[in-house]
file upload-v8.txt (compact mmCIF, C-alpha atoms)
# COMPACT_ATOMS: atom_id res chain seq x y z
CA MET A 10 0.18 -88.54 -100.40
CA SER A 11 -2.71 -89.45 -102.63
CA ASP A 12 -3.29 -87.98 -106.10
CA GLN A 13 -6.97 -87.78 -105.20
CA HIS A 14 -8.77 -84.49 -105.89
CA ILE A 15 -11.94 -83.43 -104.08
CA GLN A 16 -14.42 -80.73 -104.87
CA CYS A 17 -15.00 -78.25 -102.04
CA ARG A 18 -18.70 -77.79 -101.33
CA ARG A 19 -18.22 -74.12 -100.46
CA CYS A 20 -15.96 -72.69 -103.19
CA GLY A 21 -16.62 -75.43 -105.76
CA GLU A 22 -12.92 -75.83 -106.63
CA GLU A 23 -11.29 -79.22 -107.22
CA LYS A 24 -8.36 -79.45 -104.81
CA PRO A 25 -5.81 -82.08 -103.76
CA ARG A 26 -6.78 -84.18 -100.73
CA ASP A 27 -4.17 -82.51 -98.51
CA GLU A 28 -6.07 -79.20 -98.89
CA PHE A 29 -8.79 -80.65 -96.63
CA TYR A 30 -8.76 -81.45 -92.92
CA ASN A 31 -9.86 -84.91 -91.78
CA LEU A 32 -13.21 -85.44 -90.13
CA ARG A 33 -12.74 -86.15 -86.45
CA HIS A 34 -11.75 -89.77 -85.74
CA THR A 35 -11.68 -90.70 -89.44
CA THR A 36 -9.60 -90.12 -92.54
CA GLN A 37 -12.59 -88.81 -94.49
CA PRO A 38 -12.20 -85.23 -95.78
CA ARG A 39 -13.90 -82.48 -93.84
CA MET A 40 -15.90 -79.98 -95.88
CA PRO A 41 -15.21 -77.23 -96.73
CA CYS A 42 -11.53 -77.01 -97.67
CA LYS A 43 -8.85 -75.56 -95.37
CA GLU A 44 -8.83 -72.26 -97.26
CA CYS A 45 -12.60 -71.78 -96.98
CA ILE A 46 -12.48 -72.61 -93.26
CA SER A 47 -9.72 -70.04 -92.79
CA VAL A 48 -11.67 -67.35 -94.68
CA GLU A 49 -14.75 -68.11 -92.56
CA LYS A 50 -12.78 -67.88 -89.29
CA ARG A 51 -11.23 -64.54 -90.30
CA ALA A 52 -14.69 -63.18 -91.17
CA ARG A 53 -16.11 -64.29 -87.78
CA TYR A 54 -13.16 -62.71 -85.97
CA ALA A 55 -13.57 -59.44 -87.86
CA ALA A 56 -17.33 -59.41 -87.28
CA ALA A 57 -16.71 -59.79 -83.54
CA GLY A 58 -14.44 -56.74 -83.66
CA GLY A 59 -11.24 -58.65 -83.03
CA ASP A 60 -9.83 -60.07 -79.83
CA ARG A 61 -11.02 -57.34 -77.46
CA ALA A 62 -14.63 -57.52 -78.64
CA SER A 63 -14.81 -61.31 -78.43
CA HIS A 64 -13.34 -61.15 -74.91
CA ALA A 65 -16.00 -58.59 -73.97
CA GLN A 66 -18.70 -60.92 -75.30
CA VAL A 67 -17.42 -63.84 -73.20
CA LEU A 68 -17.23 -61.61 -70.11
CA ARG A 69 -20.80 -60.49 -70.65
CA GLU A 70 -22.25 -63.92 -71.43
CA LYS A 71 -20.37 -66.04 -68.87
CA HIS A 72 -19.82 -63.65 -65.99
CA ASN A 73 -22.17 -60.70 -66.52
CA LEU A 74 -19.12 -58.38 -66.46
CA THR A 75 -18.27 -55.45 -68.70
CA SER A 76 -14.76 -54.88 -70.03
CA ALA A 77 -14.50 -51.87 -67.74
CA GLU A 78 -15.37 -54.01 -64.70
CA TYR A 79 -12.74 -56.58 -65.73
CA ASP A 80 -10.19 -53.78 -66.16
CA ARG A 81 -11.04 -52.45 -62.66
CA LEU A 82 -10.52 -55.92 -61.15
CA LEU A 83 -7.23 -56.23 -63.02
CA ALA A 84 -6.03 -52.80 -61.84
CA ALA A 85 -7.06 -53.54 -58.23
CA GLN A 86 -4.84 -56.66 -58.39
CA ASP A 87 -1.96 -54.73 -60.06
CA GLY A 88 -2.34 -57.03 -63.08
CA LEU A 89 -1.32 -60.05 -61.00
CA CYS A 90 -3.02 -63.30 -60.02
CA ALA A 91 -4.99 -62.94 -56.76
CA ILE A 92 -3.45 -66.17 -55.38
CA CYS A 93 0.19 -66.44 -56.48
CA ARG A 94 0.68 -62.71 -57.17
CA GLN A 95 2.46 -63.50 -60.45
CA GLU A 96 1.77 -62.36 -64.01
CA GLU A 97 0.05 -64.84 -66.32
CA THR A 98 2.60 -67.17 -67.91
CA ALA A 99 0.26 -69.35 -69.98
CA ARG A 100 0.32 -68.43 -73.67
CA GLY A 101 -2.54 -68.22 -76.12
CA ARG A 102 -2.53 -69.47 -79.70
CA GLY A 103 -0.75 -66.36 -80.96
CA GLY A 104 2.02 -66.77 -78.40
CA ARG A 105 0.92 -63.79 -76.32
CA PRO A 106 0.23 -64.23 -72.59
CA ARG A 107 -3.38 -65.11 -71.85
CA ARG A 108 -5.59 -62.80 -69.86
CA LEU A 109 -6.15 -63.59 -66.21
CA ALA A 110 -9.17 -65.86 -65.79
CA VAL A 111 -12.33 -64.66 -64.07
CA ASP A 112 -12.73 -66.94 -61.08
CA HIS A 113 -16.31 -67.43 -59.96
CA ASP A 114 -18.37 -69.60 -57.67
CA HIS A 115 -19.78 -72.33 -59.90
CA ARG A 116 -22.91 -72.69 -57.77
CA THR A 117 -23.91 -69.02 -57.54
CA GLY A 118 -22.01 -67.52 -60.48
CA ALA A 119 -20.62 -64.78 -58.19
CA VAL A 120 -17.33 -63.37 -59.49
CA ARG A 121 -14.49 -63.66 -56.99
CA GLN A 122 -11.22 -62.36 -58.47
CA LEU A 123 -8.85 -62.82 -61.41
CA LEU A 124 -6.48 -65.79 -61.42
CA CYS A 125 -3.66 -67.07 -63.61
CA HIS A 126 -4.40 -70.23 -65.58
CA ARG A 127 -2.49 -72.49 -63.17
CA CYS A 128 -4.17 -71.14 -60.00
CA HIS A 129 -7.56 -71.18 -61.73
CA GLN A 130 -7.17 -74.88 -62.58
CA VAL A 131 -6.17 -75.73 -59.01
CA THR A 132 -9.04 -73.67 -57.59
CA ARG A 133 -11.55 -75.33 -59.89
CA ALA A 134 -10.35 -78.81 -58.92
CA ALA A 135 -10.37 -77.94 -55.20
CA GLU A 136 -13.84 -76.41 -55.44
CA GLU A 137 -15.18 -79.69 -56.83
CA ASN A 138 -13.33 -81.78 -54.22
CA PRO A 139 -11.99 -79.81 -51.22
CA ALA A 140 -10.26 -82.89 -49.76
CA LEU A 141 -8.06 -82.91 -52.85
CA LEU A 142 -5.89 -80.07 -51.49
CA GLU A 143 -4.94 -82.03 -48.39
CA ALA A 144 -4.29 -85.14 -50.49
CA VAL A 145 -1.98 -83.17 -52.81
CA ARG A 146 -0.17 -81.65 -49.82
CA ALA A 147 0.36 -85.10 -48.27
CA TYR A 148 1.57 -86.45 -51.62
CA LEU A 149 4.11 -83.66 -52.03
CA LEU A 150 5.36 -84.10 -48.48
CA ARG A 151 5.69 -87.84 -49.03
CA HIS A 152 7.69 -87.36 -52.25
CA GLY A 153 9.48 -84.13 -51.43
CA PRO A 154 13.11 -83.65 -50.56
CA PRO A 155 14.25 -85.09 -47.21
CA GLU A 156 13.95 -82.73 -44.20
CA ARG A 157 17.12 -80.91 -43.23

call {"tool": "encode", "arguments": {"input": "upload-v8.txt", "output": "structure tokens"}}
result
Amino acid sequence: MSDQHIQCRRCGEEKPRDEFYNLRHTTQPRMPCKECISVEKRARYAAAGGDRASHAQVLREKHNLTSAEYDRLLAAQDGLCAICRQEETARGRGGRPRRLAVDHDHRTGAVRQLLCHRCHQVTRAAEENPALLEAVRAYLLRHGPPER
């Protein structure tokens, strides 16, 4: 590691180079330092009211849903994915299971149901190219175990 020290533009402290992230696609230091970025992220998270409030904001902005409406959809589905009828297995950054995704028609914006991450990805791909489902089915049959 380099003995180079850099002054953070936010806190003004001289810090070793490894206290800074790299700018994307370069080795140049990103400003501000890692500590200042972390403090800023914690402040934004707290200002949003934590995880539940930021989720409510996304629901409102992307899907025109309230948290109560999301909770009603979730309860109506017994907390399970509308397609595979399984609990969400994908994990978020903190290691906790993610919330079920709000599936919606990308043309009209109409909310359909809640899906696990895996089913949501498949649905999104199939919505863009419906023939893809048949191609995947044929592929799996071609490469599947021999018939009994």

call {"tool": "atom_distance", "arguments": {"input": "upload-v8.txt", "atom1": "CA of Gly118 (chain A)", "atom2": "CA of His72 (chain A)"}}
result
7.1 Å

call {"tool": "atom_distance", "arguments": {"input": "upload-v8.txt", "atom1": "CA of Gly104 (chain A)", "atom2": "CA of Val131 (chain A)"}}
result
22.9 Å

call {"tool": "axis_aligned_box", "arguments": {"input": "upload-v8.txt", "around": "region 89-99 of chain A", "padding_each_side": "8 Å", "output": "JSON"}}
result
{"center_x": -1.2, "center_y": -64.7, "center_z": -62.7, "size_x": 23.6, "size_y": 25.3, "size_z": 30.6}

call {"tool": "atom_distance", "arguments": {"input": "upload-v8.txt", "atom1": "CA of Pro139 (chain A)", "atom2": "CA of Leu74 (chain A)"}}
result
27.2 Å

call {"tool": "residues_around", "arguments": {"input": "upload-v8.txt", "residues": "region 39-45 of chain A", "least_positions_apart": "3", "cutoff": "12 Å", "atoms": "all atoms listed in the file", "output": "tab-separated table (two decimals) with C-alpha atoms, in the frame of the given file"}}
result
chain	number	residue	atom	x	y	z
A	14	HIS	CA	-8.77	-84.49	-105.89
A	15	ILE	CA	-11.94	-83.43	-104.08
A	16	GLN	CA	-14.42	-80.73	-104.87
A	17	CYS	CA	-15.00	-78.25	-102.04
A	18	ARG	CA	-18.70	-77.79	-101.33
A	19	ARG	CA	-18.22	-74.12	-100.46
A	20	CYS	CA	-15.96	-72.69	-103.19
A	21	GLY	CA	-16.62	-75.43	-105.76
A	22	GLU	CA	-12.92	-75.83	-106.63
A	23	GLU	CA	-11.29	-79.22	-107.22
A	24	LYS	CA	-8.36	-79.45	-104.81
A	25	PRO	CA	-5.81	-82.08	-103.76
A	26	ARG	CA	-6.78	-84.18	-100.73
A	27	ASP	CA	-4.17	-82.51	-98.51
A	28	GLU	CA	-6.07	-79.20	-98.89
A	29	PHE	CA	-8.79	-80.65	-96.63
A	30	TYR	CA	-8.76	-81.45	-92.92
A	31	ASN	CA	-9.86	-84.91	-91.78
A	32	LEU	CA	-13.21	-85.44	-90.13
A	33	ARG	CA	-12.74	-86.15	-86.45
A	34	HIS	CA	-11.75	-89.77	-85.74
A	35	THR	CA	-11.68	-90.70	-89.44
A	36	THR	CA	-9.60	-90.12	-92.54
A	48	VAL	CA	-11.67	-67.35	-94.68
A	49	GLU	CA	-14.75	-68.11	-92.56
A	50	LYS	CA	-12.78	-67.88	-89.29
A	51	ARG	CA	-11.23	-64.54	-90.30
A	52	ALA	CA	-14.69	-63.18	-91.17

call {"tool": "closest_residue", "arguments": {"input": "upload-v8.txt", "among": "A:Glu78, A:His113, A:Glu70, A:Arg127", "to": "Thr98 (chain A)", "atoms": "only C-alpha atoms"}}
result
A:Arg127

call {"tool": "closest_residue", "arguments": {"input": "upload-v8.txt", "among": "A:Val145, A:Leu150, A:Ala99, A:Ala77", "to": "His64 (chain A)", "atoms": "only C-alpha atoms"}}
result
A:Ala77

call {"tool": "residues_around", "arguments": {"input": "upload-v8.txt", "residues": "region 107-111 of chain A", "least_positions_apart": "6", "cutoff": "10 Å", "atoms": "all atoms listed in the file", "output": "ChimeraX atom specification"}}
result
/A:64,68,71-72,74,79,82-83,88-91,96-101,120-130
